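Read the structure below first, then the notes.
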Amino acid sequence: MRYKVIAVVVAVVVVAAAGAATLVDRTPTMRYVAQHEDTSVPRADAHQGLSIDPETFSSHLPVIAIDTHGQEIPGDVLYVDGEPIIREDGRTVLTTTPEGATDAQVDVRVYDARDGSPNTLDGTPALESKALIHYRGHRSREFAKRNYSLHLIDDEGMPRDEKVAGMASENAWVLNGPYLDKSLIRNYMAYTLGQHLHVLAPDVRFCELFVDGEYRGLFLIMESVKEASNRVNLSEPTGKGDATSYLLKMDRPDLDALEIEDLGVITESKRSAISILHPTAEDITPGQVEWITQDMSFIEKSLYSYDYDTADYGYWNTLDVDSFVDYFLFNEFTMNYDAGSYSTYLYKDLRGKLTIGPYWDFNSAFDNYVDTSYASCEGFAMVERYWFYMLTKDEKFTDAVIERYRELRQGLLSDENLQAYVDDTVAFLGDAVDRIWEVWGYTFDPDAVRSGGKLDPDERNPRDYEEALDQLRDFIERRGAWLDAHIEDLRQFSHESAVKMQNH
């Protein structure tokens, strides 16, 4: 989620300040440029019509074409007699290829003209590659508009790192298609704004997708979360022993994941499972699994003990506090309340502290949950999440959150900046907004969409695109106003008489 050059700069910082994490310098000058802000590449006229016919289609956005050669893409939910098959961990059983593989091999072409000319399917691709593909997501696997995991490979089937749509070279990508999000821009806004904060965020680009010649609409091509020089860049162990940098994911239980039995499993029975993403299952040793488990337990003990706020044992000795402050604030502002429970990532470099991030999955943020309305724009929920339940008991943490909020409301999270960001992003999309509704326009009618693929109750669903944007704009204004009036109320969670009677 950062360019390689950043890791080089940060390595210099580590020499000067022992104990600093590898990825700590996240100043605005060292960030990605949001796609709609990038003036370095000439663009074609944004008005290229409504045609979604492959022969006449034209777009100013990058275009991705996938040829499955007639194969079914695996990763679909497997049904028997109209009911999904459920595994012991509560997840659904998924389809595979006829050979039993979880990915199908396909051909991918990326059209991304850099000379100002429009992107068409009869043009010269900027990238042609074989790739492995499967459907991805949790609830979204059952949406009519699917999300995809894409891994570029060479002719021998080995990972192939390539730049895609101007993003840093890698082989693992995600194609995320807004379906519930009728504004089309929630994830894009969250990721690009989040790149200004003290938490890693994936680089993203809007694109338009064709699968086997069929127009599938507007998508985000996104960096996936993994350890790599251009993603979460962690130090490799240099000495003997089991100590290692690591990348973790907090999510629903998964029989296929390498879950750890850390202290939190015992102390917080309702906490989501934590699994190891790096080192990978192919490379990790039993000793490293044990080392990571014990290291996490030590960190958790420093937070969930009576002396969690003392000089010698305080949580700030083991946590990158700035990342936890910004993660708390940004997800609280957007009311992205899966954060801290699901799709939550953490990493620790051998030379640093446990850091939360990268940000992930804002499809349901800004009052867009299927079965829960946050239309009142009121309240705090991140205070109930693991880690933050204890962090907000310390007045130093709550003071840092309040101070940081006041700072961000003067700039990044100001009404003026956020509303302008909405307007600028929609203007950048141009006719792509209209093209998508040529296929998916029926979803504005709640009666045409099955339960689970729309907001509940039906009255919450926008009836056209302008209404969808108005809902987003209204949420931003009212959420900011509520937090302006109530951000100081966070101090109740760290009030001495309320939460600390049994401390020390």
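Residues in the structure tokens are numbered from 1 in each chain, the chains being A, B, ... in the order shown, and ligands are numbered from 1 in the order shown.
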Give me the residues within 6 Å of range 205-208 of chain A as a PDB file with N, CA and C atoms, in the first residue's frame, counting only C-alpha atoms and dropping any in the same chain fewer than 4 places off.
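Saved as around-v8.pdb:
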ATOM      1  N   LEU A  61     -11.827   5.931 -19.031  1.00  0.00           N
ATOM      2  CA  LEU A  61     -11.304   5.128 -17.929  1.00  0.00           C
ATOM      3  C   LEU A  61     -10.544   3.917 -18.471  1.00  0.00           C
ATOM      4  N   PRO A  62      -9.620   3.358 -17.677  1.00  0.00           N
ATOM      5  CA  PRO A  62      -9.035   2.078 -18.074  1.00  0.00           C
ATOM      6  C   PRO A  62     -10.130   1.031 -18.280  1.00  0.00           C
ATOM      7  N   VAL A  63      -9.932   0.152 -19.233  1.00  0.00           N
ATOM      8  CA  VAL A  63     -10.902  -0.904 -19.537  1.00  0.00           C
ATOM      9  C   VAL A  63     -10.208  -2.250 -19.386  1.00  0.00           C
ATOM     10  N   GLY A 217     -19.916  -3.292 -16.236  1.00  0.00           N
ATOM     11  CA  GLY A 217     -20.113  -2.038 -15.528  1.00  0.00           C
ATOM     12  C   GLY A 217     -18.845  -1.425 -14.966  1.00  0.00           C
ATOM     13  N   LEU A 218     -19.049  -0.478 -14.044  1.00  0.00           N
ATOM     14  CA  LEU A 218     -17.973   0.256 -13.392  1.00  0.00           C
ATOM     15  C   LEU A 218     -17.415  -0.573 -12.237  1.00  0.00           C
ATOM     16  N   PHE A 219     -16.092  -0.656 -12.160  1.00  0.00           N
ATOM     17  CA  PHE A 219     -15.406  -1.393 -11.100  1.00  0.00           C
ATOM     18  C   PHE A 219     -14.263  -0.554 -10.551  1.00  0.00           C
ATOM     19  N   LEU A 220     -13.762  -0.958  -9.395  1.00  0.00           N
ATOM     20  CA  LEU A 220     -12.480  -0.480  -8.891  1.00  0.00           C
ATOM     21  C   LEU A 220     -11.472  -1.606  -9.052  1.00  0.00           C
ATOM     22  N   ILE A 221     -10.366  -1.326  -9.735  1.00  0.00           N
ATOM     23  CA  ILE A 221      -9.243  -2.245  -9.696  1.00  0.00           C
ATOM     24  C   ILE A 221      -8.396  -1.808  -8.515  1.00  0.00           C
TER      25      ILE A 221
END
- Message: Please list as a ChimeraX atom specification every residue within 12 Å of Asp256 in chain A, counting only C-alpha atoms and excluding residues in the same chain fewer than 4 positions away.
- Response: /A:87-89,91,93,252,275-277,281
How would the residues just chosen look if you wrote them out with all heavy atoms as a PDB file, in the first residue's frame?
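File written: result_25.pdb
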ATOM      1  N   ARG A  87     -20.576 -24.793   5.897  1.00  0.00           N
ATOM      2  CA  ARG A  87     -19.496 -25.532   6.530  1.00  0.00           C
ATOM      3  C   ARG A  87     -19.590 -25.414   8.061  1.00  0.00           C
ATOM      4  O   ARG A  87     -20.407 -24.659   8.596  1.00  0.00           O
ATOM      5  CB  ARG A  87     -18.134 -24.994   6.074  1.00  0.00           C
ATOM      6  CG  ARG A  87     -17.981 -24.924   4.580  1.00  0.00           C
ATOM      7  CD  ARG A  87     -16.560 -24.648   4.136  1.00  0.00           C
ATOM      8  NE  ARG A  87     -15.834 -23.638   4.908  1.00  0.00           N
ATOM      9  CZ  ARG A  87     -14.609 -23.222   4.615  1.00  0.00           C
ATOM     10  NH1 ARG A  87     -13.973 -23.746   3.581  1.00  0.00           N
ATOM     11  NH2 ARG A  87     -13.999 -22.302   5.347  1.00  0.00           N
ATOM     12  N   GLU A  88     -18.705 -26.137   8.745  1.00  0.00           N
ATOM     13  CA  GLU A  88     -18.694 -26.106  10.199  1.00  0.00           C
ATOM     14  C   GLU A  88     -18.362 -24.724  10.746  1.00  0.00           C
ATOM     15  O   GLU A  88     -18.789 -24.367  11.844  1.00  0.00           O
ATOM     16  CB  GLU A  88     -17.667 -27.119  10.735  1.00  0.00           C
ATOM     17  CG  GLU A  88     -18.053 -28.576  10.511  1.00  0.00           C
ATOM     18  CD  GLU A  88     -17.023 -29.525  11.081  1.00  0.00           C
ATOM     19  OE1 GLU A  88     -16.104 -29.041  11.793  1.00  0.00           O
ATOM     20  OE2 GLU A  88     -17.117 -30.732  10.833  1.00  0.00           O
ATOM     21  N   ASP A  89     -17.582 -23.942  10.000  1.00  0.00           N
ATOM     22  CA  ASP A  89     -17.217 -22.607  10.473  1.00  0.00           C
ATOM     23  C   ASP A  89     -18.254 -21.553  10.116  1.00  0.00           C
ATOM     24  O   ASP A  89     -18.044 -20.359  10.354  1.00  0.00           O
ATOM     25  CB  ASP A  89     -15.848 -22.189   9.924  1.00  0.00           C
ATOM     26  CG  ASP A  89     -15.780 -22.245   8.397  1.00  0.00           C
ATOM     27  OD1 ASP A  89     -16.830 -22.476   7.759  1.00  0.00           O
ATOM     28  OD2 ASP A  89     -14.682 -22.070   7.842  1.00  0.00           O
ATOM     29  N   ARG A  91     -19.223 -20.678   7.117  1.00  0.00           N
ATOM     30  CA  ARG A  91     -19.050 -20.180   5.756  1.00  0.00           C
ATOM     31  C   ARG A  91     -19.744 -21.111   4.758  1.00  0.00           C
ATOM     32  O   ARG A  91     -19.984 -22.279   5.056  1.00  0.00           O
ATOM     33  CB  ARG A  91     -17.564 -20.041   5.407  1.00  0.00           C
ATOM     34  CG  ARG A  91     -16.867 -18.942   6.188  1.00  0.00           C
ATOM     35  CD  ARG A  91     -15.386 -18.907   5.889  1.00  0.00           C
ATOM     36  NE  ARG A  91     -14.730 -17.800   6.575  1.00  0.00           N
ATOM     37  CZ  ARG A  91     -14.438 -16.627   6.012  1.00  0.00           C
ATOM     38  NH1 ARG A  91     -14.744 -16.410   4.737  1.00  0.00           N
ATOM     39  NH2 ARG A  91     -13.848 -15.665   6.713  1.00  0.00           N
ATOM     40  N   VAL A  93     -20.082 -23.348   1.301  1.00  0.00           N
ATOM     41  CA  VAL A  93     -19.245 -24.144   0.407  1.00  0.00           C
ATOM     42  C   VAL A  93     -19.260 -23.486  -0.969  1.00  0.00           C
ATOM     43  O   VAL A  93     -20.312 -23.043  -1.448  1.00  0.00           O
ATOM     44  CB  VAL A  93     -19.769 -25.592   0.321  1.00  0.00           C
ATOM     45  CG1 VAL A  93     -18.979 -26.393  -0.707  1.00  0.00           C
ATOM     46  CG2 VAL A  93     -19.683 -26.254   1.695  1.00  0.00           C
ATOM     47  N   ARG A 252     -14.205 -13.401  10.206  1.00  0.00           N
ATOM     48  CA  ARG A 252     -15.019 -14.538  10.620  1.00  0.00           C
ATOM     49  C   ARG A 252     -14.167 -15.813  10.659  1.00  0.00           C
ATOM     50  O   ARG A 252     -13.176 -15.911   9.940  1.00  0.00           O
ATOM     51  CB  ARG A 252     -16.191 -14.725   9.643  1.00  0.00           C
ATOM     52  CG  ARG A 252     -17.144 -13.541   9.623  1.00  0.00           C
ATOM     53  CD  ARG A 252     -18.106 -13.623   8.455  1.00  0.00           C
ATOM     54  NE  ARG A 252     -19.037 -12.503   8.448  1.00  0.00           N
ATOM     55  CZ  ARG A 252     -18.763 -11.296   7.923  1.00  0.00           C
ATOM     56  NH1 ARG A 252     -17.580 -11.089   7.345  1.00  0.00           N
ATOM     57  NH2 ARG A 252     -19.656 -10.334   7.962  1.00  0.00           N
ATOM     58  N   SER A 275      -6.058 -14.572  11.931  1.00  0.00           N
ATOM     59  CA  SER A 275      -5.278 -15.541  11.159  1.00  0.00           C
ATOM     60  C   SER A 275      -4.029 -14.876  10.597  1.00  0.00           C
ATOM     61  O   SER A 275      -3.955 -13.653  10.459  1.00  0.00           O
ATOM     62  CB  SER A 275      -6.119 -16.129  10.026  1.00  0.00           C
ATOM     63  OG  SER A 275      -6.595 -15.103   9.165  1.00  0.00           O
ATOM     64  N   ILE A 276      -3.046 -15.692  10.270  1.00  0.00           N
ATOM     65  CA  ILE A 276      -1.756 -15.216   9.769  1.00  0.00           C
ATOM     66  C   ILE A 276      -1.766 -15.203   8.236  1.00  0.00           C
ATOM     67  O   ILE A 276      -2.031 -16.214   7.598  1.00  0.00           O
ATOM     68  CB  ILE A 276      -0.614 -16.123  10.264  1.00  0.00           C
ATOM     69  CG1 ILE A 276      -0.584 -16.173  11.801  1.00  0.00           C
ATOM     70  CG2 ILE A 276       0.729 -15.633   9.730  1.00  0.00           C
ATOM     71  CD1 ILE A 276       0.398 -17.194  12.355  1.00  0.00           C
ATOM     72  N   LEU A 277      -1.482 -14.043   7.657  1.00  0.00           N
ATOM     73  CA  LEU A 277      -1.335 -13.925   6.202  1.00  0.00           C
ATOM     74  C   LEU A 277       0.125 -13.963   5.774  1.00  0.00           C
ATOM     75  O   LEU A 277       0.452 -14.419   4.686  1.00  0.00           O
ATOM     76  CB  LEU A 277      -1.976 -12.628   5.708  1.00  0.00           C
ATOM     77  CG  LEU A 277      -3.476 -12.443   5.964  1.00  0.00           C
ATOM     78  CD1 LEU A 277      -3.952 -11.152   5.315  1.00  0.00           C
ATOM     79  CD2 LEU A 277      -4.273 -13.623   5.451  1.00  0.00           C
ATOM     80  N   ALA A 281       1.245 -19.593   4.465  1.00  0.00           N
ATOM     81  CA  ALA A 281       1.093 -20.968   4.945  1.00  0.00           C
ATOM     82  C   ALA A 281       2.163 -21.883   4.357  1.00  0.00           C
ATOM     83  O   ALA A 281       2.579 -22.864   4.996  1.00  0.00           O
ATOM     84  CB  ALA A 281      -0.299 -21.489   4.586  1.00  0.00           C
TER      85      ALA A 281
END
- Thr68 in chain A: which residues within 8 Å, counting only C-alpha atoms, same-chain residues fewer than 4 positions away excluded, as number ranges by chain? A: 72-73, 104-107, 211-212
Please produce a file of those selected residues containing N, CA and C atoms, as a PDB file, in the first residue's frame.
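The resulting file, selection.pdb, is shown below:
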ATOM      1  N   GLU A  72     -16.728 -21.651 -16.376  1.00  0.00           N
ATOM      2  CA  GLU A  72     -17.421 -21.055 -15.246  1.00  0.00           C
ATOM      3  C   GLU A  72     -16.372 -20.553 -14.253  1.00  0.00           C
ATOM      4  N   ILE A  73     -16.549 -19.332 -13.773  1.00  0.00           N
ATOM      5  CA  ILE A  73     -15.615 -18.805 -12.786  1.00  0.00           C
ATOM      6  C   ILE A  73     -15.926 -19.432 -11.431  1.00  0.00           C
ATOM      7  N   ALA A 104      -9.741 -20.396 -11.905  1.00  0.00           N
ATOM      8  CA  ALA A 104      -9.726 -20.741 -13.328  1.00  0.00           C
ATOM      9  C   ALA A 104      -8.680 -19.891 -14.024  1.00  0.00           C
ATOM     10  N   GLN A 105      -8.025 -20.455 -15.032  1.00  0.00           N
ATOM     11  CA  GLN A 105      -7.060 -19.673 -15.797  1.00  0.00           C
ATOM     12  C   GLN A 105      -7.774 -18.971 -16.939  1.00  0.00           C
ATOM     13  N   VAL A 106      -7.540 -17.664 -17.046  1.00  0.00           N
ATOM     14  CA  VAL A 106      -8.195 -16.838 -18.056  1.00  0.00           C
ATOM     15  C   VAL A 106      -7.152 -15.951 -18.712  1.00  0.00           C
ATOM     16  N   ASP A 107      -7.579 -15.237 -19.741  1.00  0.00           N
ATOM     17  CA  ASP A 107      -6.746 -14.218 -20.374  1.00  0.00           C
ATOM     18  C   ASP A 107      -7.302 -12.841 -20.019  1.00  0.00           C
ATOM     19  N   VAL A 211     -16.528  -9.086 -19.434  1.00  0.00           N
ATOM     20  CA  VAL A 211     -16.232 -10.504 -19.236  1.00  0.00           C
ATOM     21  C   VAL A 211     -16.849 -11.273 -20.392  1.00  0.00           C
ATOM     22  N   ASP A 212     -16.012 -11.924 -21.169  1.00  0.00           N
ATOM     23  CA  ASP A 212     -16.458 -12.662 -22.351  1.00  0.00           C
ATOM     24  C   ASP A 212     -17.307 -11.792 -23.268  1.00  0.00           C
TER      25      ASP A 212
END
Would you write out, as a tab-separated table, a table of all residues in range 175-250 of chain A that have an atom no more than 8 Å from an atom of range 333-348 of chain A, listing for each the closest atom pair and the distance in Å to one decimal, considering only C-alpha atoms and ordering rows by chain and rising residue number?
residue	atom	partner	partner_atom	distance
A:Leu234	CA	A:Lys348	CA	7.8
A:Ser245	CA	A:Lys348	CA	5.6
A:Tyr246	CA	A:Lys348	CA	5.5
A:Leu247	CA	A:Tyr347	CA	4.2
A:Leu248	CA	A:Leu346	CA	5.1
A:Lys249	CA	A:Tyr345	CA	4.5
A:Met250	CA	A:Thr344	CA	5.0
- Item | DSSP strand (DSSP E) residues within range 60-245 of chain A, as number ranges by chain | A: 63-67, 79-80, 83-84, 104-111, 127-136, 147-153, 162-164, 167-170, 172-176, 204-211, 214-223
- Query: Which neighbours of Lys393 in chain A fall inside 6 Å, counting only C-alpha atoms, when residues of the same chain fewer than 3 positions from it are skipped, and could you give them as a VMD selection string?
  - Reply: chain A and resid 390 493 to 494
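Between Thr39 in chain A and the residues A:Lys240, A:Arg406, A:Arg114, A:His69, the shortest atom-to-atom distance, using only C-alpha atoms, involves A:Arg114.
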- Message: Using only C-alpha atoms, which protein or nucleic acid residues come within 8 Å of Pro125 in chain A? Drop anything in the same chain fewer than 6 positions from it, and give the result as a PyMOL selection string.
- Response: chain A and resi 109-112
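Residue neighbourhood of Val422 in chain A, excluding near-sequence residues (fewer than 6 positions): His36, Ser183, Leu184, Ile185, Arg186, Asn187, Tyr188, Met189, Ala190, Thr192, Leu193, Asp415, Glu416, Phe428, Leu429, Glu466, Ala468, Leu469, Asp470, Gln471, Leu472, Arg473, Asp474 and Ile476 of chain A, at 12 Å, using only C-alpha atoms.
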- Write out as a ChimeraX atom specification each polymer residue whose atoms come within 10 Å of Ser302 in chain A, counting only C-alpha atoms; drop sequence neighbours fewer than 3 positions from it. /A:296-299,305-310,312-319
Please dump the current selection as a short mmCIF file (atom, residue, chain, number, x, y, z; two decimals), in the first residue's frame; keep all heavy atoms.
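Saved result, out_30.cif, follows:
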data_model
loop_
_atom_site.label_atom_id
_atom_site.label_comp_id
_atom_site.auth_asym_id
_atom_site.auth_seq_id
_atom_site.Cartn_x
_atom_site.Cartn_y
_atom_site.Cartn_z
N MET A 296 1.69 -11.71 20.01
CA MET A 296 0.37 -11.09 20.08
C MET A 296 -0.20 -11.16 21.49
O MET A 296 -0.80 -10.19 21.98
CB MET A 296 -0.57 -11.78 19.10
CG MET A 296 -0.42 -11.31 17.66
SD MET A 296 -0.99 -9.60 17.44
CE MET A 296 -2.75 -9.83 17.65
N SER A 297 -0.01 -12.27 22.18
CA SER A 297 -0.51 -12.40 23.54
C SER A 297 0.17 -11.40 24.47
O SER A 297 -0.48 -10.81 25.35
CB SER A 297 -0.29 -13.83 24.04
OG SER A 297 -1.06 -14.75 23.30
N PHE A 298 1.47 -11.19 24.27
CA PHE A 298 2.18 -10.20 25.08
C PHE A 298 1.62 -8.80 24.84
O PHE A 298 1.41 -8.03 25.78
CB PHE A 298 3.67 -10.24 24.74
CG PHE A 298 4.48 -9.20 25.44
CD1 PHE A 298 4.88 -9.37 26.76
CD2 PHE A 298 4.83 -8.02 24.79
CE1 PHE A 298 5.62 -8.39 27.42
CE2 PHE A 298 5.56 -7.04 25.43
CZ PHE A 298 5.95 -7.22 26.75
N ILE A 299 1.38 -8.47 23.58
CA ILE A 299 0.82 -7.15 23.25
C ILE A 299 -0.58 -7.00 23.86
O ILE A 299 -0.92 -5.96 24.44
CB ILE A 299 0.78 -6.97 21.72
CG1 ILE A 299 2.20 -6.90 21.16
CG2 ILE A 299 -0.01 -5.71 21.34
CD1 ILE A 299 2.25 -6.96 19.65
N SER A 305 -4.46 -5.36 30.81
CA SER A 305 -4.04 -5.51 32.20
C SER A 305 -4.28 -4.21 32.94
O SER A 305 -4.41 -3.14 32.33
CB SER A 305 -2.56 -5.90 32.27
OG SER A 305 -2.32 -7.13 31.63
N TYR A 306 -4.28 -4.28 34.27
CA TYR A 306 -4.53 -3.08 35.08
C TYR A 306 -3.45 -2.01 34.87
O TYR A 306 -3.70 -0.84 35.07
CB TYR A 306 -4.61 -3.45 36.56
CG TYR A 306 -5.88 -4.16 36.95
CD1 TYR A 306 -5.89 -5.09 37.98
CD2 TYR A 306 -7.08 -3.89 36.29
CE1 TYR A 306 -7.06 -5.75 38.34
CE2 TYR A 306 -8.25 -4.54 36.64
CZ TYR A 306 -8.23 -5.47 37.66
OH TYR A 306 -9.39 -6.11 38.01
N ASP A 307 -2.27 -2.44 34.50
CA ASP A 307 -1.18 -1.47 34.31
C ASP A 307 -1.01 -1.08 32.85
O ASP A 307 0.06 -0.72 32.41
CB ASP A 307 0.13 -2.02 34.87
CG ASP A 307 0.44 -3.44 34.40
OD1 ASP A 307 -0.29 -3.93 33.51
OD2 ASP A 307 1.39 -4.03 34.91
N TYR A 308 -2.11 -1.14 32.09
CA TYR A 308 -2.06 -0.85 30.66
C TYR A 308 -1.67 0.59 30.36
O TYR A 308 -1.28 0.91 29.23
CB TYR A 308 -3.41 -1.14 30.01
CG TYR A 308 -4.49 -0.13 30.34
CD1 TYR A 308 -4.83 0.87 29.45
CD2 TYR A 308 -5.14 -0.17 31.58
CE1 TYR A 308 -5.81 1.80 29.76
CE2 TYR A 308 -6.12 0.76 31.88
CZ TYR A 308 -6.45 1.73 30.99
OH TYR A 308 -7.41 2.66 31.30
N ASP A 309 -1.80 1.50 31.35
CA ASP A 309 -1.51 2.91 31.10
C ASP A 309 -0.35 3.41 31.95
O ASP A 309 -0.24 4.61 32.20
CB ASP A 309 -2.76 3.76 31.34
CG ASP A 309 -3.27 3.67 32.78
OD1 ASP A 309 -2.79 2.80 33.53
OD2 ASP A 309 -4.15 4.48 33.15
N THR A 310 0.52 2.52 32.36
CA THR A 310 1.69 2.91 33.14
C THR A 310 2.91 3.03 32.25
O THR A 310 2.97 2.46 31.17
CB THR A 310 1.97 1.90 34.27
OG1 THR A 310 2.27 0.62 33.68
CG2 THR A 310 0.76 1.76 35.19
N ASP A 312 5.95 1.84 32.36
CA ASP A 312 6.73 0.65 32.04
C ASP A 312 5.98 -0.35 31.18
O ASP A 312 6.58 -1.04 30.36
CB ASP A 312 7.18 -0.05 33.33
CG ASP A 312 8.22 0.76 34.09
OD1 ASP A 312 8.89 1.60 33.45
OD2 ASP A 312 8.35 0.57 35.32
N TYR A 313 4.68 -0.44 31.38
CA TYR A 313 3.91 -1.49 30.71
C TYR A 313 2.80 -0.93 29.80
O TYR A 313 1.97 -1.68 29.32
CB TYR A 313 3.28 -2.42 31.75
CG TYR A 313 4.30 -3.04 32.67
CD1 TYR A 313 4.46 -2.59 33.97
CD2 TYR A 313 5.13 -4.07 32.22
CE1 TYR A 313 5.41 -3.15 34.82
CE2 TYR A 313 6.08 -4.64 33.05
CZ TYR A 313 6.22 -4.17 34.35
OH TYR A 313 7.16 -4.72 35.18
N GLY A 314 2.79 0.37 29.57
CA GLY A 314 1.72 0.98 28.79
C GLY A 314 1.62 0.45 27.37
O GLY A 314 2.62 0.06 26.76
N TYR A 315 0.41 0.45 26.86
CA TYR A 315 0.16 -0.10 25.51
C TYR A 315 0.95 0.61 24.44
O TYR A 315 1.24 0.04 23.37
CB TYR A 315 -1.34 -0.02 25.20
CG TYR A 315 -1.89 1.39 25.22
CD1 TYR A 315 -1.81 2.22 24.10
CD2 TYR A 315 -2.48 1.91 26.36
CE1 TYR A 315 -2.29 3.51 24.12
CE2 TYR A 315 -2.97 3.20 26.39
CZ TYR A 315 -2.87 4.01 25.27
OH TYR A 315 -3.35 5.28 25.31
N TRP A 316 1.33 1.87 24.66
CA TRP A 316 2.07 2.63 23.65
C TRP A 316 3.47 2.07 23.43
O TRP A 316 4.12 2.39 22.45
CB TRP A 316 2.15 4.10 24.04
CG TRP A 316 2.66 4.34 25.43
CD1 TRP A 316 3.96 4.42 25.85
CD2 TRP A 316 1.85 4.51 26.60
NE1 TRP A 316 4.02 4.63 27.19
CE2 TRP A 316 2.74 4.70 27.69
CE3 TRP A 316 0.48 4.55 26.83
CZ2 TRP A 316 2.28 4.90 29.01
CZ3 TRP A 316 0.03 4.75 28.13
CH2 TRP A 316 0.91 4.93 29.21
N ASN A 317 3.92 1.21 24.34
CA ASN A 317 5.21 0.55 24.14
C ASN A 317 5.14 -0.54 23.07
O ASN A 317 6.16 -0.95 22.53
CB ASN A 317 5.71 -0.06 25.45
CG ASN A 317 6.05 0.99 26.48
OD1 ASN A 317 6.80 1.92 26.20
ND2 ASN A 317 5.49 0.86 27.68
N THR A 318 3.94 -1.03 22.80
CA THR A 318 3.78 -2.14 21.86
C THR A 318 2.88 -1.81 20.67
O THR A 318 2.87 -2.54 19.68
CB THR A 318 3.20 -3.37 22.57
OG1 THR A 318 1.96 -3.03 23.20
CG2 THR A 318 4.17 -3.90 23.62
N LEU A 319 2.10 -0.73 20.74
CA LEU A 319 1.19 -0.36 19.66
C LEU A 319 1.65 0.91 18.97
O LEU A 319 2.12 1.85 19.62
CB LEU A 319 -0.23 -0.13 20.18
CG LEU A 319 -0.98 -1.27 20.85
CD1 LEU A 319 -2.42 -0.83 21.14
CD2 LEU A 319 -0.98 -2.53 19.99
#
- Query: With distances taken over only C-alpha atoms, which of A:Ile274, A:Ala144, A:Val232, A:Met158 is nearest to Ala448 in chain A?
  - Reply: A:Ala144
- Task: Report as number ranges by chain: the residues of range 325-475 of chain A with a DSSP assignment of helix (DSSP H, G or I), based on the backbone of this structure.
- Result: A: 325-333, 382-384, 388-391, 395-409, 415-429, 432-444, 446-448, 458-460, 465-475
